[in-house]
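J.: Contents are mmCIF, C-alpha atoms and all ligand atoms; file name model23.cif:
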data_my_file
#
loop_
_atom_site.label_atom_id
_atom_site.label_comp_id
_atom_site.auth_asym_id
_atom_site.auth_seq_id
_atom_site.Cartn_x
_atom_site.Cartn_y
_atom_site.Cartn_z
CA MET A 1 38.91 35.00 -46.02
CA VAL A 2 42.04 34.72 -43.88
CA GLN A 3 44.26 31.85 -45.02
CA ALA A 4 46.54 29.79 -42.80
CA TYR A 5 49.95 29.00 -44.26
CA ILE A 6 53.16 27.52 -42.92
CA SER A 7 55.57 30.41 -42.51
CA GLY A 8 58.49 28.45 -41.00
CA THR A 9 59.64 24.95 -40.13
CA GLY A 10 62.32 23.37 -37.97
CA PHE A 11 63.34 20.04 -36.52
CA TYR A 12 65.69 18.54 -33.98
CA VAL A 13 66.88 15.01 -33.36
CA PRO A 14 69.28 14.12 -30.56
CA PRO A 15 72.85 13.40 -31.66
CA ARG A 16 73.07 9.81 -30.35
CA VAL A 17 72.57 7.39 -33.25
CA VAL A 18 71.37 3.90 -32.24
CA THR A 19 71.74 1.41 -35.07
CA ASN A 20 69.97 -1.94 -35.24
CA ASP A 21 73.25 -3.57 -34.25
CA ASP A 22 73.40 -1.27 -31.20
CA LEU A 23 70.02 -2.68 -30.08
CA ILE A 24 71.70 -6.09 -30.06
CA HIS A 25 75.10 -5.18 -28.61
CA THR A 26 74.22 -2.32 -26.24
CA TYR A 27 70.78 -3.41 -25.07
CA GLY A 28 70.91 -7.19 -25.56
CA VAL A 29 67.80 -7.38 -27.78
CA GLU A 30 67.69 -10.66 -29.74
CA THR A 31 67.13 -9.35 -33.23
CA THR A 32 69.01 -8.86 -36.46
CA ASN A 33 69.66 -5.86 -38.65
CA GLU A 34 68.15 -7.84 -41.56
CA TRP A 35 64.86 -8.51 -39.70
CA ILE A 36 64.34 -4.87 -38.82
CA VAL A 37 65.40 -3.51 -42.22
CA GLN A 38 63.31 -6.01 -44.20
CA ARG A 39 60.15 -5.58 -42.11
CA THR A 40 60.33 -1.84 -41.47
CA GLY A 41 63.08 -0.10 -43.47
CA ILE A 42 64.61 1.22 -40.22
CA GLU A 43 68.43 1.23 -40.06
CA ALA A 44 68.90 3.55 -37.09
CA ARG A 45 67.06 5.85 -34.72
CA ARG A 46 68.12 8.63 -32.34
CA PHE A 47 67.90 8.30 -28.55
CA ALA A 48 68.07 11.36 -26.31
CA ASP A 49 70.32 11.18 -23.26
CA GLU A 50 69.05 10.95 -19.70
CA GLY A 51 67.95 14.41 -18.57
CA VAL A 52 66.50 15.37 -21.96
CA GLY A 53 62.73 15.50 -22.29
CA THR A 54 60.14 16.23 -24.94
CA SER A 55 59.98 20.00 -24.48
CA ASP A 56 63.82 20.19 -24.57
CA MET A 57 63.76 18.80 -28.10
CA ALA A 58 60.61 20.72 -29.05
CA VAL A 59 62.17 24.05 -28.10
CA LYS A 60 65.11 23.49 -30.47
CA ALA A 61 62.77 22.64 -33.35
CA ALA A 62 60.52 25.58 -32.43
CA ARG A 63 63.39 28.09 -32.38
CA ASP A 64 64.48 27.00 -35.86
CA ALA A 65 60.91 27.30 -37.13
CA LEU A 66 60.61 30.80 -35.64
CA VAL A 67 63.87 31.88 -37.29
CA ALA A 68 62.67 30.49 -40.64
CA ALA A 69 59.42 32.44 -40.23
CA GLN A 70 61.36 35.57 -39.18
CA LEU A 71 59.40 35.69 -35.94
CA GLU A 72 60.21 35.94 -32.24
CA PRO A 73 58.59 33.77 -29.55
CA HIS A 74 56.59 36.84 -28.47
CA ASP A 75 54.89 36.91 -31.87
CA LEU A 76 53.13 33.65 -31.03
CA ASP A 77 49.46 33.64 -30.02
CA LEU A 78 49.11 29.92 -29.29
CA ILE A 79 51.31 26.86 -28.72
CA VAL A 80 50.07 23.39 -29.66
CA VAL A 81 52.21 20.38 -28.78
CA ALA A 82 51.39 16.93 -30.09
CA THR A 83 53.04 14.18 -28.05
CA LEU A 84 52.37 10.80 -26.49
CA SER A 85 55.48 11.19 -24.34
CA PRO A 86 55.01 14.35 -22.26
CA GLU A 87 57.38 14.98 -19.35
CA HIS A 88 54.72 14.00 -16.81
CA ALA A 89 51.17 12.67 -16.54
CA PHE A 90 50.15 16.30 -16.17
CA PRO A 91 50.52 19.11 -17.03
CA GLY A 92 51.39 18.57 -20.67
CA SER A 93 54.54 19.54 -22.52
CA GLY A 94 53.01 22.78 -23.88
CA VAL A 95 53.63 24.78 -20.72
CA PHE A 96 57.20 23.50 -20.39
CA LEU A 97 57.82 24.53 -23.98
CA GLN A 98 56.27 27.95 -23.29
CA GLN A 99 58.71 28.50 -20.41
CA LYS A 100 61.71 27.32 -22.44
CA LEU A 101 60.81 29.78 -25.19
CA GLY A 102 61.17 32.53 -22.58
CA LEU A 103 57.53 33.51 -22.76
CA CYS A 104 57.06 33.52 -18.99
CA ASP A 105 60.10 35.70 -18.23
CA GLY A 106 60.27 39.28 -17.04
CA GLU A 107 58.15 42.27 -17.83
CA SER A 108 57.62 41.21 -21.43
CA ALA A 109 56.09 37.86 -20.42
CA LYS A 110 53.36 36.75 -22.79
CA PHE A 111 51.15 34.07 -21.30
CA VAL A 112 49.91 32.59 -24.56
CA PRO A 113 47.63 29.58 -24.34
CA ALA A 114 49.43 26.23 -24.49
CA LEU A 115 47.54 23.17 -25.63
CA ASP A 116 48.61 19.51 -25.64
CA VAL A 117 47.20 17.16 -28.27
CA ARG A 118 47.15 13.42 -27.46
CA ASN A 119 46.58 11.74 -30.80
CA GLN A 120 49.80 9.72 -31.16
CA CYS A 121 50.98 9.21 -34.75
CA SER A 122 48.24 11.49 -36.09
CA GLY A 123 48.94 14.06 -33.39
CA PHE A 124 50.67 16.47 -35.72
CA LEU A 125 47.72 16.43 -38.13
CA TYR A 126 45.24 16.98 -35.30
CA ALA A 127 47.42 19.81 -33.94
CA LEU A 128 47.73 21.35 -37.40
CA SER A 129 43.95 21.35 -37.88
CA THR A 130 43.55 23.11 -34.51
CA ALA A 131 46.10 25.75 -35.48
CA VAL A 132 44.53 26.30 -38.89
CA ALA A 133 41.06 26.68 -37.34
CA HIS A 134 42.36 29.28 -34.85
CA VAL A 135 44.05 31.27 -37.59
CA ARG A 136 41.11 31.12 -39.99
CA ALA A 137 38.72 32.14 -37.21
CA GLY A 138 40.87 35.19 -36.46
CA MET A 139 41.71 33.91 -32.96
CA ALA A 140 45.46 33.80 -33.63
CA ARG A 141 47.92 35.20 -36.18
CA HIS A 142 50.87 32.91 -35.46
CA VAL A 143 50.57 29.45 -33.94
CA LEU A 144 53.49 27.20 -33.04
CA VAL A 145 52.71 23.53 -33.74
CA CYS A 146 55.22 20.96 -32.46
CA GLY A 147 55.24 17.20 -32.75
CA ALA A 148 57.81 15.86 -30.28
CA GLU A 149 58.55 12.51 -28.68
CA THR A 150 60.97 11.02 -26.16
CA HIS A 151 60.29 7.36 -26.88
CA SER A 152 63.63 6.01 -25.71
CA ALA A 153 62.72 6.49 -22.05
CA ALA A 154 59.63 4.30 -22.30
CA LEU A 155 60.66 1.43 -24.59
CA ASP A 156 61.02 -2.14 -23.36
CA LEU A 157 64.54 -2.55 -24.74
CA SER A 158 64.59 -6.30 -24.18
CA THR A 159 63.80 -9.27 -26.40
CA ASP A 160 60.26 -9.45 -24.96
CA GLY A 161 59.63 -5.89 -26.08
CA ARG A 162 61.40 -6.01 -29.44
CA THR A 163 58.31 -5.91 -31.67
CA VAL A 164 57.60 -2.37 -30.44
CA SER A 165 60.97 -1.14 -29.19
CA SER A 166 62.85 -1.71 -32.43
CA LEU A 167 60.53 0.72 -34.24
CA PHE A 168 60.69 3.99 -32.31
CA GLY A 169 63.07 6.92 -31.97
CA ASP A 170 63.22 10.40 -30.43
CA GLY A 171 62.87 13.77 -32.14
CA ALA A 172 60.85 16.90 -32.66
CA GLY A 173 59.46 18.82 -35.62
CA ALA A 174 57.84 22.25 -35.59
CA VAL A 175 55.88 24.48 -37.93
CA ILE A 176 54.55 28.00 -37.55
CA VAL A 177 51.02 28.39 -38.88
CA SER A 178 50.48 32.06 -39.78
CA ALA A 179 47.65 34.20 -41.10
CA SER A 180 47.80 35.50 -44.65
CA ASP A 181 45.41 37.37 -46.91
CA ARG A 182 46.81 35.66 -49.99
CA ASP A 183 44.34 33.17 -51.38
CA ASP A 184 46.83 31.33 -53.57
CA ARG A 185 48.73 29.53 -50.80
CA GLY A 186 48.21 27.88 -47.46
CA VAL A 187 46.58 24.85 -45.91
CA ARG A 188 43.69 23.87 -48.17
CA GLY A 189 42.14 21.41 -45.74
CA VAL A 190 42.80 18.88 -43.00
CA TYR A 191 40.68 15.72 -42.99
CA LEU A 192 40.68 13.74 -39.75
CA GLY A 193 39.11 10.50 -38.60
CA ALA A 194 39.13 8.05 -35.70
CA ASP A 195 37.83 4.56 -34.94
CA GLY A 196 37.68 3.79 -31.23
CA ARG A 197 36.91 0.10 -31.82
CA PHE A 198 40.69 -0.30 -32.16
CA ALA A 199 41.63 1.72 -29.07
CA GLU A 200 43.41 -1.20 -27.40
CA VAL A 201 45.16 -2.58 -30.49
CA LEU A 202 48.08 -0.20 -29.97
CA CYS A 203 48.36 1.32 -26.52
CA GLN A 204 50.50 1.96 -23.48
CA LYS A 205 48.22 1.89 -20.45
CA ILE A 206 50.48 2.49 -17.42
CA TRP A 207 47.43 2.89 -15.18
CA ASP A 208 43.72 2.06 -15.07
CA ILE A 209 41.76 4.98 -13.66
CA ARG A 210 38.78 2.69 -12.98
CA LYS A 211 40.86 0.92 -10.30
CA ARG A 212 41.15 2.29 -6.74
CA PRO A 213 43.91 3.39 -6.61
CA PHE A 214 44.75 3.66 -10.29
CA ILE A 215 48.14 1.94 -9.83
CA PRO A 216 48.41 -0.89 -7.25
CA LYS A 217 49.86 0.62 -4.10
CA ASN A 218 52.59 -0.98 -1.99
CA PRO A 219 52.67 -0.68 1.84
CA ASP A 220 55.38 2.00 1.51
CA ARG A 221 53.03 4.15 -0.69
CA SER A 222 55.01 3.40 -3.87
CA GLY A 223 53.17 1.87 -6.81
CA THR A 224 53.80 -1.20 -8.93
CA VAL A 225 53.07 -1.28 -12.64
CA ALA A 226 52.86 -4.75 -14.17
CA PRO A 227 54.86 -5.24 -17.40
CA GLU A 228 51.73 -5.56 -19.57
CA MET A 229 50.58 -2.16 -18.27
CA LEU A 230 54.01 -0.54 -18.29
CA TRP A 231 55.06 -1.16 -21.90
CA ALA A 232 53.35 -0.32 -25.16
CA THR A 233 51.63 -3.26 -26.82
CA MET A 234 50.63 -3.58 -30.45
CA ASP A 235 48.97 -6.02 -32.82
CA GLY A 236 51.34 -5.00 -35.61
CA LYS A 237 49.66 -6.96 -38.40
CA LEU A 238 46.25 -5.44 -37.65
CA VAL A 239 47.70 -1.92 -37.54
CA PHE A 240 49.51 -2.55 -40.81
CA LYS A 241 46.33 -3.74 -42.55
CA HIS A 242 44.27 -0.77 -41.38
CA ALA A 243 47.04 1.73 -42.07
CA VAL A 244 47.07 0.90 -45.77
CA GLY A 245 43.30 1.03 -46.36
CA THR A 246 42.51 3.94 -44.07
CA MET A 247 45.35 6.20 -45.18
CA LEU A 248 44.35 5.65 -48.81
CA GLY A 249 40.76 6.54 -47.83
CA ALA A 250 41.86 9.76 -46.07
CA LEU A 251 43.92 10.78 -49.08
CA MET A 252 41.03 10.13 -51.47
CA ARG A 253 38.72 12.17 -49.23
CA ALA A 254 41.13 15.13 -49.43
CA CYS A 255 41.47 14.78 -53.22
CA THR A 256 37.69 14.54 -53.72
CA ALA A 257 37.05 17.58 -51.51
CA HIS A 258 39.44 19.64 -53.68
CA LYS A 259 38.44 18.07 -57.01
CA ILE A 260 42.02 17.02 -57.73
CA GLY A 261 43.66 13.75 -58.71
CA VAL A 262 46.56 12.07 -56.94
CA GLU A 263 48.75 13.10 -59.91
CA ASP A 264 48.18 16.78 -59.04
CA ILE A 265 50.08 16.37 -55.75
CA ASP A 266 53.76 17.27 -55.99
CA LEU A 267 55.00 15.75 -52.73
CA PHE A 268 53.59 13.15 -50.32
CA LEU A 269 54.80 13.19 -46.74
CA PHE A 270 53.63 9.99 -45.10
CA HIS A 271 53.80 9.27 -41.41
CA GLN A 272 56.98 7.21 -41.05
CA ALA A 273 55.79 4.04 -39.28
CA ASN A 274 56.94 1.39 -41.69
CA MET A 275 58.61 1.69 -45.08
CA ARG A 276 56.58 -1.31 -46.31
CA ILE A 277 53.28 0.39 -45.48
CA ASN A 278 54.38 3.50 -47.38
CA GLN A 279 55.72 1.56 -50.36
CA PHE A 280 52.51 -0.45 -50.56
CA ILE A 281 50.43 2.74 -50.59
CA ALA A 282 52.75 4.29 -53.19
CA GLN A 283 52.25 1.28 -55.45
CA GLN A 284 48.47 1.54 -55.14
CA LEU A 285 48.64 5.23 -56.04
CA HIS A 286 51.10 4.75 -58.96
CA VAL A 287 53.12 7.68 -57.62
CA PRO A 288 56.79 7.97 -58.70
CA ASP A 289 59.30 7.35 -55.90
CA GLU A 290 60.77 10.86 -56.07
CA LYS A 291 57.44 12.28 -54.89
CA ILE A 292 57.59 10.22 -51.68
CA PRO A 293 60.60 11.03 -49.51
CA HIS A 294 61.34 8.81 -46.51
CA ASN A 295 63.50 9.30 -43.46
CA ILE A 296 62.41 6.25 -41.45
CA GLN A 297 65.78 4.66 -42.31
CA ARG A 298 67.57 7.28 -40.20
CA TYR A 299 65.11 8.17 -37.45
CA GLY A 300 62.69 5.24 -37.07
CA ASN A 301 59.16 6.11 -36.05
CA THR A 302 59.11 9.40 -34.13
CA THR A 303 55.28 9.33 -33.89
CA ALA A 304 53.94 12.92 -33.78
CA ALA A 305 57.26 14.25 -35.08
CA THR A 306 57.61 12.22 -38.31
CA ILE A 307 55.69 14.53 -40.65
CA PRO A 308 57.10 17.90 -39.47
CA ILE A 309 60.64 16.47 -39.46
CA ALA A 310 60.26 15.19 -43.02
CA TYR A 311 58.63 18.47 -44.09
CA ASP A 312 61.47 20.58 -42.72
CA GLU A 313 64.08 18.31 -44.31
CA CYS A 314 62.35 18.65 -47.69
CA ARG A 315 62.00 22.43 -47.40
CA ARG A 316 65.64 22.89 -46.48
CA ALA A 317 66.76 20.54 -49.28
CA GLY A 318 64.83 22.65 -51.80
CA ARG A 319 62.43 19.82 -52.63
CA ILE A 320 59.41 22.07 -52.12
CA LYS A 321 58.88 24.99 -54.51
CA PRO A 322 56.40 27.85 -54.35
CA GLY A 323 53.09 26.71 -55.83
CA ASN A 324 53.70 23.01 -55.06
CA LEU A 325 50.82 20.99 -53.66
CA VAL A 326 51.98 18.96 -50.64
CA CYS A 327 50.03 16.20 -48.92
CA PHE A 328 50.61 14.97 -45.36
CA PHE A 329 48.96 11.79 -44.20
CA GLY A 330 49.15 9.16 -41.52
CA LEU A 331 47.46 6.73 -39.14
CA GLY A 332 48.29 5.57 -35.65
CA ALA A 333 47.05 4.47 -32.25
CA GLY A 334 43.39 5.12 -31.52
CA PHE A 335 43.03 4.50 -34.43
CA HIS A 336 43.34 8.15 -35.42
CA TRP A 337 44.21 9.25 -38.91
CA GLY A 338 44.30 12.27 -41.13
CA ALA A 339 45.35 13.88 -44.38
CA ALA A 340 46.20 17.51 -45.08
CA LEU A 341 46.67 19.39 -48.35
CA LEU A 342 48.84 22.52 -48.53
CA ARG A 343 49.62 24.88 -51.38
CA GLU A 344 53.11 26.30 -50.91
O1 LIG A 401 53.09 4.46 -35.86
C1 LIG A 401 52.24 3.56 -35.20
C2 LIG A 401 51.62 2.65 -36.13
N1 LIG A 401 52.34 1.40 -36.15
C3 LIG A 401 52.49 0.76 -37.27
O2 LIG A 401 52.08 1.22 -38.30
C4 LIG A 401 53.14 -0.61 -37.20
C5 LIG A 401 52.51 -1.51 -38.23
N2 LIG A 401 53.01 -2.89 -38.15
C6 LIG A 401 54.27 -3.19 -38.49
O3 LIG A 401 55.04 -2.32 -38.86
C7 LIG A 401 54.66 -4.65 -38.47
O4 LIG A 401 53.54 -5.43 -38.12
C8 LIG A 401 55.82 -4.95 -37.49
C9 LIG A 401 57.11 -4.42 -38.07
C10 LIG A 401 55.57 -4.31 -36.15
C11 LIG A 401 55.98 -6.44 -37.28
O5 LIG A 401 56.15 -7.11 -38.51
P1 LIG A 401 55.30 -8.43 -38.80
O6 LIG A 401 55.76 -8.93 -40.11
O7 LIG A 401 53.86 -8.08 -38.67
O8 LIG A 401 55.81 -9.40 -37.69
P2 LIG A 401 55.01 -10.08 -36.46
O9 LIG A 401 54.59 -9.08 -35.45
O10 LIG A 401 53.94 -10.95 -37.00
O11 LIG A 401 56.13 -10.97 -35.82
C12 LIG A 401 56.66 -12.06 -36.52
C13 LIG A 401 57.77 -12.67 -35.68
C14 LIG A 401 57.37 -12.96 -34.25
O12 LIG A 401 57.97 -14.18 -33.89
P3 LIG A 401 57.06 -15.53 -33.82
O13 LIG A 401 56.02 -15.23 -32.79
O14 LIG A 401 56.51 -15.70 -35.20
O15 LIG A 401 58.06 -16.55 -33.42
C15 LIG A 401 58.04 -11.86 -33.46
O16 LIG A 401 58.39 -12.25 -32.15
O17 LIG A 401 58.87 -11.77 -35.62
C16 LIG A 401 59.28 -11.63 -34.26
N3 LIG A 401 59.83 -10.30 -34.05
C17 LIG A 401 61.13 -10.01 -34.21
N4 LIG A 401 62.17 -10.76 -34.56
C18 LIG A 401 63.38 -10.16 -34.63
C19 LIG A 401 59.18 -9.18 -33.70
N5 LIG A 401 60.04 -8.15 -33.61
C20 LIG A 401 61.25 -8.64 -33.92
C21 LIG A 401 62.54 -8.07 -34.00
N6 LIG A 401 63.56 -8.88 -34.36
N7 LIG A 401 62.77 -6.77 -33.75
#
Represent the structure from my file as C-alpha cells, please.
Ligand code: UT7

T.:
Amino acid sequence: MVQAYISGTGFYVPPRVVTNDDLIHTYGVETTNEWIVQRTGIEARRFADEGVGTSDMAVKAARDALVAAQLEPHDLDLIVVATLSPEHAFPGSGVFLQQKLGLCDGESAKFVPALDVRNQCSGFLYALSTAVAHVRAGMARHVLVCGAETHSAALDLSTDGRTVSSLFGDGAGAVIVSASDRDDRGVRGVYLGADGRFAEVLCQKIWDIRKRPFIPKNPDRSGTVAPEMLWATMDGKLVFKHAVGTMLGALMRACTAHKIGVEDIDLFLFHQANMRINQFIAQQLHVPDEKIPHNIQRYGNTTAATIPIAYDECRRAGRIKPGNLVCFFGLGAGFHWGAALLRE
C-alpha cells in the first residue's frame, strides 16, 4: 500500500515582535505581562505589517518546505491551506498561494487543485488528513499542506477585547505530504472529531447570512458590523475545560488504534493555545517535559499554524530522529479536534 510521509517542512513568522508590554504601551490594552504569562505562558507574538496577508506568509513557509523535500512547486499535485484568516470572504487563500508559487505563470503553468480548510485550530490536522487520503488513494504524489494565519488584522486590540486579543499571533507552517512505498515510515493515522453543540462558544461571526442583507446596509451602500459581530468572542473557561478532556480522548483513540502506549511516543506536538492546558495534559499523561516542546512563549496562538511551525522547529533543531514516533494533537473552535501519529 502507498504510504504518505512528510518529505519536507518549513515555517515563517513575520519579523515584528509584539511583547505583552507592547500590547500595553503601543495599543493601550489594560493588561499586565504577569497576567498573560501566568494564564497562558505567552511572552510575545509576531504581527505582520499592513500589506501582508495569509498567502504571503504561507508562500515563504511553503518554499522552505519544498526545498527541504527537494521538490519544485511544479511537483505538487494539490495545495491545501488551513486558515481562519483568508485574504477575503472568498475565494480562499489556496488560489492566492498557488499564484505566488508561480504555478499559474507561463507555458509551464500547472493548475493544480487548491483547497481551503476552515477548521480553525484543528485546521492543520484536518488538512493533513485530506492530504494523506489523497496520497494513499493514489490521487496525488506530493501535496502541500499549509496552516497560516494573519490574526493581527482582526484582533480587537483594546481593553474590551483583551481576553481574545492577547492570545493570538501571525505565522505560517507548511509540510509536504509525499507518496512512498516504504512501509516503515509515514503518517500512521489521523483521528478527527467535532462537536457542533459548542459552535458559538468560540467564534467570529462578522455576518449573519440568514439576515437580508447579511450585513446591515447603510443608505450609501456601505455596511455596518456591530462590535459583537466584528470581533471574535470566546468563553475561555469552557474551551479550556473541553480542551483538556477532549484532547486526551483523541490521543487515547490514536494510541488504542495502533496498540501503543503513551510511553511509546517520542515527541508530542500540541496545538499551542495555552501553556496551562498543555502542562495539565502532560501531567495527566506522566510524560517528561523534554518530550513536549512549546513555542507559545514566542509566537502566541497561531491557530492552524501552531503544529507545523513547532514541527519544523523540532526537525531543524534535530529533535526528531528517523524512526521516532511523533504525535500531533489539538482542539479549537467548532469544537473541532484531532490527533495524528507519524513514524519518521
Ligand atoms: O486555540 C483556540 C482555543 N482557545 C483556547 O484554548 C483558550 C482556552 N482558554 C484560556 O486559555 C483561558 O480561559 C484564557 C487565557 C482565555 C482566560 O483565562 P481565565 O483564567 O479563564 O480568565 P477569565 O476569562 O475567566 O477572565 C478572568 C478575568 C476577567 O476579569 P473579571 O471579569 O473577573 O473582572 C477578564 O476580564 O481576567 C480578565 N482578563 C484579563 N486581565 C488582564 C481577561 N484577559 C485579560 C488580560 N489582561 N489580557

J.: Compute the set of protein, DNA and RNA residues whose minimum atom distance to ligand LIG 401 (chain A) is at most 7 Å, using only C-alpha atoms and all ligand atoms, and state it as a compact mmCIF listing (two decimals) with C-alpha atoms, in the frame of the given file.

T.:
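Below is the file that was written, result10.txt:
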# COMPACT_ATOMS: atom_id res chain seq x y z
CA GLU A 30 67.69 -10.66 -29.74
CA THR A 31 67.13 -9.35 -33.23
CA THR A 32 69.01 -8.86 -36.46
CA TRP A 35 64.86 -8.51 -39.70
CA ILE A 36 64.34 -4.87 -38.82
CA ARG A 39 60.15 -5.58 -42.11
CA THR A 40 60.33 -1.84 -41.47
CA CYS A 121 50.98 9.21 -34.75
CA ARG A 162 61.40 -6.01 -29.44
CA THR A 163 58.31 -5.91 -31.67
CA VAL A 164 57.60 -2.37 -30.44
CA SER A 166 62.85 -1.71 -32.43
CA ASP A 235 48.97 -6.02 -32.82
CA GLY A 236 51.34 -5.00 -35.61
CA LYS A 237 49.66 -6.96 -38.40
CA VAL A 239 47.70 -1.92 -37.54
CA PHE A 240 49.51 -2.55 -40.81
CA ALA A 243 47.04 1.73 -42.07
CA ALA A 273 55.79 4.04 -39.28
CA ASN A 274 56.94 1.39 -41.69
CA ASN A 301 59.16 6.11 -36.05
CA THR A 303 55.28 9.33 -33.89
CA LEU A 331 47.46 6.73 -39.14
CA GLY A 332 48.29 5.57 -35.65
CA ALA A 333 47.05 4.47 -32.25

J.: Residues at most 6 Å from A:Asp77, counting all atoms listed in the file, excluding those fewer than 3 positions away in the same chain, as a PDB file with C-alpha atoms, in the frame of the given file?

T.:
ATOM      1  CA  VAL A 112      49.910  32.590 -24.560  1.00  0.00           C
ATOM      2  CA  ALA A 140      45.460  33.800 -33.630  1.00  0.00           C
ATOM      3  CA  HIS A 142      50.870  32.910 -35.460  1.00  0.00           C
ATOM      4  CA  VAL A 143      50.570  29.450 -33.940  1.00  0.00           C
TER       5      VAL A 143
END

J.: Rank nothing, just name the residue among A:Gly323, A:Gly300, A:Gly8, A:Gly171 nearest to A:Arg185, using all atoms listed in the file.

T.: A:Gly323

J.: I'd like to know which of A:His242, A:Lys100, A:His74, A:Arg16 is closest to A:Thr54, using only C-alpha atoms.

T.: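 Answer, going by the shortest atom-to-atom distance: A:Lys100.
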
J.: Residues within 9 Å of stretch 55-65 of chain A, please, as a ChimeraX atom specification. Count only C-alpha atoms; anything in the same chain fewer than 2 positions from it doesn't count.

T.: /A:7-14,48,52-53,67-73,81,86-87,93-98,100-101,144-150,170-176,309,312

J.: Could you give me, as CSV, a per-residue list for stretch 168-197 of chain A showing, wherever an atom lies at most 12 Å from an atom of stretch 258-264 of chain A, the closest pair of atoms and their distance in Å to one decimal, using all atoms listed in the file and sorting by chain then residue number from low to high?

T.:
residue,atom,partner,partner_atom,distance
A:Val187,CA,A:His258,CA,11.8
A:Arg188,CA,A:His258,CA,8.1
A:Gly189,CA,A:His258,CA,8.6
A:Val190,CA,A:His258,CA,11.2
A:Tyr191,CA,A:His258,CA,11.5

J.: Have a look at A:Val37, A:Thr19, A:Glu344, A:Arg298 and name the one nearest to A:Arg182; count all atoms listed in the file.

T.: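 Of the candidates, the smallest distance to A:Arg182 is held by A:Glu344.
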
J.: Distance atom CA of A:Met1-atom CA of A:Ser122, one decimal place?

T.: 27.2 Å
